[in-house]
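Printed here is coords.cif (mmCIF, C-alpha atoms):
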data_structure
loop_
_atom_site.label_atom_id
_atom_site.label_comp_id
_atom_site.auth_asym_id
_atom_site.auth_seq_id
_atom_site.Cartn_x
_atom_site.Cartn_y
_atom_site.Cartn_z
CA MET W 459 0.00 0.00 0.00
CA LEU W 460 2.74 2.40 0.90
CA GLY W 461 4.48 1.55 -2.32
CA LYS W 462 1.49 2.63 -4.39
CA ILE W 463 1.21 5.93 -2.53
CA ALA W 464 4.90 6.61 -3.02
CA ALA W 465 4.65 5.92 -6.72
CA LEU W 466 1.63 8.26 -7.05
CA VAL W 467 3.44 11.06 -5.25
CA LEU W 468 6.47 10.58 -7.48
CA ALA W 469 4.32 10.76 -10.60
CA LEU W 470 2.65 13.95 -9.40
CA ALA W 471 6.02 15.48 -8.65
CA ILE W 472 7.29 14.59 -12.09
CA GLY W 473 4.14 16.09 -13.71
CA VAL W 474 4.38 19.28 -11.71
CA GLY W 475 8.05 19.64 -12.63
CA ALA W 476 7.27 19.16 -16.31
CA GLY W 477 4.54 21.78 -16.15
CA LEU W 478 6.80 24.30 -14.49
CA GLU W 479 9.49 23.66 -17.10
CA ALA W 480 6.94 24.21 -19.89
CA GLN W 481 5.79 27.48 -18.37
CA ALA W 482 9.41 28.64 -18.09
CA GLN W 483 10.04 27.86 -21.72
CA THR W 484 6.84 29.74 -22.74
CA LYS W 485 7.89 32.86 -20.84
CA THR W 486 11.31 32.88 -22.49
CA THR W 487 9.96 32.48 -26.05
CA THR W 488 6.95 34.85 -25.85
CA PRO W 489 8.86 38.15 -26.69
CA ALA W 490 10.29 36.65 -29.85
CA LYS W 491 6.93 35.29 -31.06
CA SER W 492 4.98 38.55 -30.34
CA PRO W 493 4.40 40.58 -33.56
CA LYS W 494 3.90 43.87 -31.76
CA PRO W 495 7.56 44.81 -31.31
CA VAL W 496 8.25 43.94 -34.93
CA HIS W 497 5.24 46.00 -36.06
CA LYS W 498 6.41 49.03 -34.08
CA ALA W 499 9.96 48.82 -35.30
CA ALA W 500 9.01 48.46 -38.96
CA PRO W 501 7.73 52.08 -39.44
CA LYS W 502 10.88 53.49 -37.81
CA SER W 503 13.20 51.58 -40.06
CA THR W 504 11.20 52.01 -43.30
CA SER W 505 9.79 55.56 -42.90
CA GLY W 506 12.50 57.10 -45.09
CA ALA W 507 11.91 54.58 -47.84
CA GLN W 508 8.15 55.08 -47.77
CA SER W 509 8.43 58.90 -47.96
CA ALA W 510 10.78 58.60 -50.91
CA THR W 511 8.87 56.00 -52.90
CA THR W 512 5.18 55.89 -52.02
CA ARG W 513 4.07 59.13 -50.32
CA PRO W 514 4.96 62.45 -52.06
CA SER W 515 6.13 65.32 -49.94
CA PRO W 516 3.34 67.83 -49.13
CA ARG W 517 5.62 70.71 -50.14
CA LYS W 518 6.48 69.22 -53.53
CA LYS W 519 2.85 68.46 -54.40
CA PRO W 520 1.74 72.09 -55.05
CA ALA W 521 4.92 72.70 -57.05
CA ALA W 522 4.20 69.69 -59.24
CA GLN W 523 0.63 70.80 -59.74
CA SER W 524 1.62 74.40 -60.60
CA ALA W 525 4.10 73.15 -63.18
CA SER W 526 1.87 70.57 -64.82
CA THR W 527 -1.82 71.22 -64.19
CA ARG W 528 -2.31 74.90 -63.23
CA ARG W 529 -2.91 77.41 -66.05
CA PRO W 530 -0.45 80.30 -66.35
CA SER W 531 -1.76 83.82 -65.71
CA PRO W 532 -2.64 85.58 -69.00
CA ARG W 533 -1.27 88.90 -67.74
CA ARG W 534 2.18 87.40 -67.20
CA VAL W 535 2.32 85.45 -70.44
CA GLN W 536 0.57 87.87 -72.84
CA PRO W 537 3.15 90.13 -74.54
CA VAL W 538 2.74 93.87 -74.94
CA LYS W 539 2.45 93.64 -78.72
CA THR W 540 -0.58 91.37 -78.39
CA ALA W 541 -2.37 93.96 -76.27
CA GLN W 542 -1.52 96.64 -78.81
CA ARG W 543 -2.85 94.51 -81.64
CA SER W 544 -6.09 93.91 -79.73
CA ALA W 545 -6.53 97.65 -79.15
CA THR W 546 -5.88 98.33 -82.83
CA ALA W 547 -8.40 95.69 -83.83
CA THR W 548 -10.98 97.24 -81.50
CA ARG W 549 -10.47 100.66 -83.08
CA GLY W 550 -10.78 99.08 -86.50
CA VAL W 551 -14.10 97.49 -85.57
CA ARG W 552 -15.36 100.81 -84.24
CA ALA W 553 -14.26 102.59 -87.39
CA ALA W 554 -16.08 100.03 -89.54
CA LYS W 555 -19.25 100.49 -87.51
CA ASN W 556 -18.95 104.26 -87.83
CA ASN W 557 -18.65 103.94 -91.59
CA GLN W 558 -21.74 101.75 -91.70
CA LEU W 559 -23.70 104.27 -89.67
CA ARG W 560 -22.59 107.12 -91.90
CA ALA W 561 -23.48 105.13 -95.02
CA ALA W 562 -26.95 104.59 -93.57
CA GLY W 563 -27.35 108.32 -93.05
CA ARG W 564 -27.05 108.19 -89.27
CA THR W 565 -24.98 110.63 -87.25
CA VAL W 566 -22.25 109.32 -85.01
CA ARG W 567 -21.95 111.34 -81.82
CA PRO W 568 -18.41 112.30 -80.81
CA ASN W 569 -18.92 110.91 -77.32
CA SER W 570 -20.35 107.62 -78.61
CA ARG W 571 -18.51 104.43 -77.88
CA LEU W 572 -18.43 103.77 -81.59
CA ALA W 573 -16.58 107.00 -82.31
CA VAL W 574 -12.95 106.62 -83.32
CA ARG W 575 -10.44 108.38 -81.12
CA PRO W 576 -8.26 110.82 -83.05
CA THR W 577 -4.65 109.87 -83.43
CA ALA W 578 -1.69 112.17 -82.89
CA ALA W 579 -1.34 112.69 -86.65
CA SER W 580 -5.00 113.66 -87.04
CA ARG W 581 -4.81 116.04 -84.09
CA SER W 582 -1.78 117.79 -85.57
CA ALA W 583 -3.54 118.10 -88.93
CA VAL W 584 -6.58 119.80 -87.41
CA ALA W 585 -6.22 123.57 -87.24
CA LEU W 586 -6.37 125.00 -83.76
CA PRO W 587 -9.24 127.34 -82.95
CA ASP W 588 -8.59 131.04 -83.12
CA LYS W 589 -8.68 131.41 -79.35
CA ARG W 590 -5.48 129.42 -78.97
CA ARG W 591 -3.42 131.63 -81.22
CA SER W 592 -1.75 134.39 -79.25
CA THR W 593 0.94 137.03 -79.18
CA ARG W 594 2.76 138.72 -76.38
CA PHE W 595 -0.17 141.12 -76.11
CA GLY W 596 -2.69 138.34 -75.43
CA ARG W 597 -4.91 135.93 -77.30
CA MET W 598 -5.30 136.73 -80.97
CA PRO W 599 -8.21 135.39 -83.05
CA THR W 600 -8.25 135.63 -86.82
CA PHE W 601 -10.60 138.26 -88.20
CA THR W 602 -11.36 139.33 -91.72
CA MET W 603 -10.09 142.87 -91.86
CA PRO W 604 -12.87 145.19 -92.98
CA SER W 605 -12.41 147.72 -95.69
CA PRO W 606 -11.57 151.31 -94.66
CA LEU W 607 -14.40 153.52 -93.56
CA PRO W 608 -16.25 154.87 -96.57
CA ASP W 609 -15.93 158.57 -97.15
CA ASN W 610 -19.59 159.45 -97.39
CA GLY W 611 -19.13 163.01 -96.21
CA VAL W 612 -20.29 162.26 -92.63
CA ALA W 613 -18.30 164.12 -90.00
CA ARG W 614 -16.82 162.07 -87.16
CA ALA W 615 -17.18 163.59 -83.74
CA LEU W 616 -16.34 162.43 -80.23
CA SER W 617 -17.27 163.49 -76.71
CA LEU W 618 -14.72 162.63 -74.02
CA TYR W 619 -14.31 163.10 -70.28
CA ASN W 620 -10.98 162.59 -68.49
CA VAL W 621 -11.58 161.10 -65.03
CA HIS W 622 -8.10 162.12 -63.80
CA THR W 623 -8.06 165.77 -64.85
CA GLY W 624 -11.82 166.37 -64.85
CA GLU W 625 -11.63 167.88 -68.36
CA SER W 626 -14.24 167.42 -71.07
CA LEU W 627 -13.78 167.66 -74.82
CA ASN W 628 -16.07 167.69 -77.86
CA VAL W 629 -14.23 167.43 -81.17
CA THR W 630 -14.98 166.82 -84.83
CA TYR W 631 -11.68 165.25 -85.82
CA TRP W 632 -12.79 164.17 -89.33
CA HIS W 633 -14.43 166.52 -91.79
CA ARG W 634 -14.73 166.65 -95.58
CA GLY W 635 -12.89 163.40 -96.11
CA GLN W 636 -9.79 164.12 -94.03
CA TYR W 637 -8.50 164.42 -90.49
CA VAL W 638 -8.58 167.87 -88.97
CA GLN W 639 -5.10 168.44 -87.54
CA SER W 640 -6.17 171.17 -85.13
CA GLU W 641 -8.73 168.83 -83.56
CA LEU W 642 -6.15 166.06 -83.38
CA ASP W 643 -3.85 168.42 -81.49
CA ARG W 644 -6.63 169.06 -78.99
CA LEU W 645 -7.06 165.33 -78.54
CA ASN W 646 -3.30 164.89 -78.01
CA ASP W 647 -3.37 167.46 -75.21
CA PHE W 648 -6.54 166.02 -73.70
CA LEU W 649 -5.05 162.49 -73.59
CA ARG W 650 -1.69 163.58 -72.13
CA ASP W 651 -0.01 161.79 -69.23
CA SER W 652 -1.87 162.98 -66.16
CA ARG W 653 1.19 162.50 -63.92
CA SER W 654 3.97 164.08 -65.97
CA GLY W 655 1.99 166.18 -68.46
CA ASP W 656 3.84 164.65 -71.43
CA GLN W 657 1.97 164.13 -74.68
CA VAL W 658 2.54 162.44 -78.04
CA GLN W 659 0.81 162.25 -81.39
CA MET W 660 -2.04 159.82 -80.81
CA ASP W 661 -2.92 157.35 -83.56
CA PRO W 662 -5.95 158.81 -85.42
CA LYS W 663 -7.21 155.28 -86.14
CA LEU W 664 -7.84 154.93 -82.41
CA PHE W 665 -10.45 157.67 -82.61
CA ASP W 666 -12.05 155.88 -85.56
CA ILE W 667 -12.48 152.78 -83.39
CA LEU W 668 -14.13 154.83 -80.62
CA TRP W 669 -16.42 156.52 -83.14
CA GLN W 670 -17.52 153.22 -84.74
CA VAL W 671 -18.09 151.47 -81.41
CA ARG W 672 -20.35 154.21 -80.16
CA ARG W 673 -22.25 154.28 -83.45
CA GLN W 674 -22.77 150.50 -83.39
CA LEU W 675 -24.10 150.70 -79.85
CA GLY W 676 -26.48 153.50 -80.87
CA SER W 677 -25.16 155.80 -78.17
CA THR W 678 -24.40 159.52 -78.07
CA ALA W 679 -23.00 159.44 -74.53
CA THR W 680 -19.62 160.85 -73.53
CA TYR W 681 -16.73 158.46 -73.21
CA ARG W 682 -15.11 158.35 -69.78
CA VAL W 683 -11.36 158.05 -70.36
CA LEU W 684 -9.42 156.27 -67.63
CA SER W 685 -6.08 156.17 -69.43
CA GLY W 686 -4.68 157.65 -72.64
CA TYR W 687 -0.99 158.30 -73.20
CA ARG W 688 1.46 157.03 -70.58
CA SER W 689 5.08 158.04 -70.33
CA PRO W 690 7.59 155.22 -69.78
CA GLN W 691 8.05 156.36 -66.17
CA THR W 692 4.31 156.33 -65.47
CA ASN W 693 3.86 152.98 -67.14
CA ALA W 694 6.74 151.48 -65.14
CA TRP W 695 5.20 152.76 -61.92
CA LEU W 696 1.79 151.32 -62.80
CA ALA W 697 3.37 147.99 -63.73
CA SER W 698 5.05 147.85 -60.31
CA VAL W 699 1.77 148.35 -58.42
CA SER W 700 -0.57 146.40 -60.74
CA SER W 701 -0.17 143.02 -62.40
CA GLY W 702 -2.52 144.00 -65.25
CA VAL W 703 -0.16 146.58 -66.76
CA ALA W 704 2.20 145.42 -69.51
CA SER W 705 5.77 146.63 -69.45
CA ASP W 706 5.64 147.31 -73.21
CA SER W 707 2.12 148.74 -73.21
CA LEU W 708 0.80 150.42 -76.35
CA HIS W 709 -0.25 153.34 -74.15
CA MET W 710 3.36 154.51 -74.37
CA ARG W 711 3.03 154.78 -78.17
CA GLY W 712 -0.23 156.68 -78.22
CA GLN W 713 -2.09 153.66 -79.61
CA ALA W 714 -4.34 152.70 -76.70
CA MET W 715 -7.11 154.03 -74.47
CA ASP W 716 -9.05 152.63 -71.51
CA VAL W 717 -12.64 153.83 -71.70
CA MET W 718 -16.14 153.44 -70.28
CA LEU W 719 -19.42 154.41 -71.97
CA PRO W 720 -22.34 155.42 -69.71
CA GLY W 721 -25.50 153.52 -70.54
CA ARG W 722 -23.57 150.59 -71.99
CA THR W 723 -21.84 147.74 -70.18
CA ALA W 724 -18.22 146.78 -70.61
CA GLY W 725 -19.37 143.55 -72.21
CA GLN W 726 -21.35 145.45 -74.86
CA ILE W 727 -18.37 147.67 -75.64
CA ARG W 728 -16.13 144.64 -75.94
CA GLN W 729 -18.53 142.88 -78.30
CA ALA W 730 -18.88 145.89 -80.55
CA ALA W 731 -15.11 146.44 -80.66
CA ARG W 732 -14.40 142.81 -81.47
CA MET W 733 -16.86 142.87 -84.35
CA LEU W 734 -14.78 145.64 -85.94
CA GLY W 735 -11.58 143.59 -85.89
CA LEU W 736 -9.43 146.72 -86.00
CA GLY W 737 -7.13 146.14 -83.04
CA GLY W 738 -6.75 144.77 -79.54
CA VAL W 739 -9.63 144.54 -77.09
CA GLY W 740 -9.06 144.04 -73.37
CA TYR W 741 -12.02 143.23 -71.13
CA TYR W 742 -11.98 144.23 -67.44
CA PRO W 743 -15.46 143.51 -66.06
CA ARG W 744 -14.54 144.06 -62.40
CA SER W 745 -13.34 147.59 -63.08
CA GLY W 746 -16.02 148.16 -65.70
CA PHE W 747 -13.80 149.42 -68.53
CA VAL W 748 -12.48 148.18 -71.87
CA HIS W 749 -9.01 148.59 -73.35
CA LEU W 750 -8.94 149.54 -77.05
CA ASP W 751 -5.83 149.87 -79.20
CA THR W 752 -4.64 149.84 -82.81
CA GLY W 753 -2.11 147.05 -82.34
CA PRO W 754 -2.41 143.45 -83.59
CA VAL W 755 -5.92 142.01 -83.62
CA ARG W 756 -6.30 140.10 -80.34
CA TYR W 757 -8.33 140.03 -77.15
CA TRP W 758 -8.00 139.16 -73.50
#
Show this structure as structure tokens.
Amino acid sequence: MLGKIAALVLALAIGVGAGLEAQAQTKTTTPAKSPKPVHKAAPKSTSGAQSATTRPSPRKKPAAQSASTRRPSPRRVQPVKTAQRSATATRGVRAAKNNQLRAAGRTVRPNSRLAVRPTAASRSAVALPDKRRSTRFGRMPTFTMPSPLPDNGVARALSLYNVHTGESLNVTYWHRGQYVQSELDRLNDFLRDSRSGDQVQMDPKLFDILWQVRRQLGSTATYRVLSGYRSPQTNAWLASVSSGVASDSLHMRGQAMDVMLPGRTAGQIRQAARMLGLGGVGYYPRSGFVHLDTGPVRYW
């Protein structure tokens, strides 16, 4: 009986020892058989290869797209000559439409979109308006010079009042087809320099302008004379105190007068004088007078 028990205990001991040995072997081989360490190590060792072969770099992707798929900007690629040709073609289309409208009897407005813009050559070929032509005395339009006053036997008389000296004068400077020298001498003295007393021979044609202006305006009033002859010293002094006085004024030559006509505005005097086209006309609406002279035909 004891022998059977001893044999059973020995068998159990052997079985327990074998089981413990198997467990020890399992613990030693488990790290090698586990796929997790191998799976974690694989990305670290192959990340460089994957980025170089399979996955493109995020920075290189837009560059590849811009070079292969994206369209270039037309502003950067289109040359300047192409834009010029397109503008020329547009003007040609507009010109063709304008010609069609004119052939149909329709009027093309200058501000219409169909109107052709003038080129530099066409602008240079067009004559400038008269207002743009000028001399050192001011703007000079082109007038058709009238014929001399007809000698119909009518006497030419003037009534003048000098605002500086307070003198008045009534003269008939033209009679029987000629100038009356004695009356011209009276006019020379009347229109003398009010500061120095100097006088010169005034241009008789200046009196003809005054006579015609008053006749055109239908007036018999007395001219108010603000300025007649000026000596060089007086003119230089006026030029120093006023910007409206020319340094080479025709007043110093006895060819100019500044006048007012009661009952008529300065604008009416200017219009009548310009219609004559016999000399310069200066308009001073703030002061209410008009400058008249026998110089080049011009106005300001």
Exercise. Go through W:Leu642, W:Leu675, W:Ala615, W:Leu734 one by one, measure the shortest atom-to-atom distance of each to Pro662 in chain W using all atoms listed in the file, and give the residue with the smallest value.
Key: W:Leu642
Exercise. Check the smallest atom-to-atom distance from each of W:Gln659, W:Trp669, W:His749, W:Arg560 to Ala613 in chain W using only C-alpha atoms, then report the winner.
Key: W:Trp669
Quiz item: Which residues fall under the PyMOL selection byres ((chain W and resi 628) around 9) in this file, as a ChimeraX atom specification?
Solution: /W:615-618,626-627,629-630,680
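As for CA of Leu664 in chain W and CA of Leu736 in chain W, they are spaced 9.1 Å apart.
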Report as JSON lines the residues of range 611-691 of chain W within 12 Å of range 697-706 of chain W, each with its shortest atom pair and distance in Å (one decimal), using all atoms listed in the file, ordered by chain and increasing residue number.
{"residue": "W:Ser685", "atom": "CA", "partner": "W:Val703", "partner_atom": "CA", "distance": 11.6}
{"residue": "W:Arg688", "atom": "CA", "partner": "W:Asp706", "partner_atom": "CA", "distance": 10.9}
{"residue": "W:Ser689", "atom": "CA", "partner": "W:Asp706", "partner_atom": "CA", "distance": 11.1}
{"residue": "W:Pro690", "atom": "CA", "partner": "W:Ser705", "partner_atom": "CA", "distance": 8.8}
{"residue": "W:Gln691", "atom": "CA", "partner": "W:Ala697", "partner_atom": "CA", "distance": 9.9}
Exercise. For CA of Gly624 in chain W and CA of Arg650 in chain W, quote the distance in Å rounded to one decimal.
Key: 12.8 Å
Practice problem: Can you work out which one of W:Leu668, W:Val755, W:Leu468, W:Ala561 has the shortest atom-to-atom distance to Gly735 in chain W, counting only C-alpha atoms? | Solution: W:Val755
Self-check item: Residues returned when the PyMOL selection byres ((chain W and resi 682) around 9) runs on this file, as a PyMOL selection string
Solution: chain W and resi 617-621+680-681+683-684+716-720
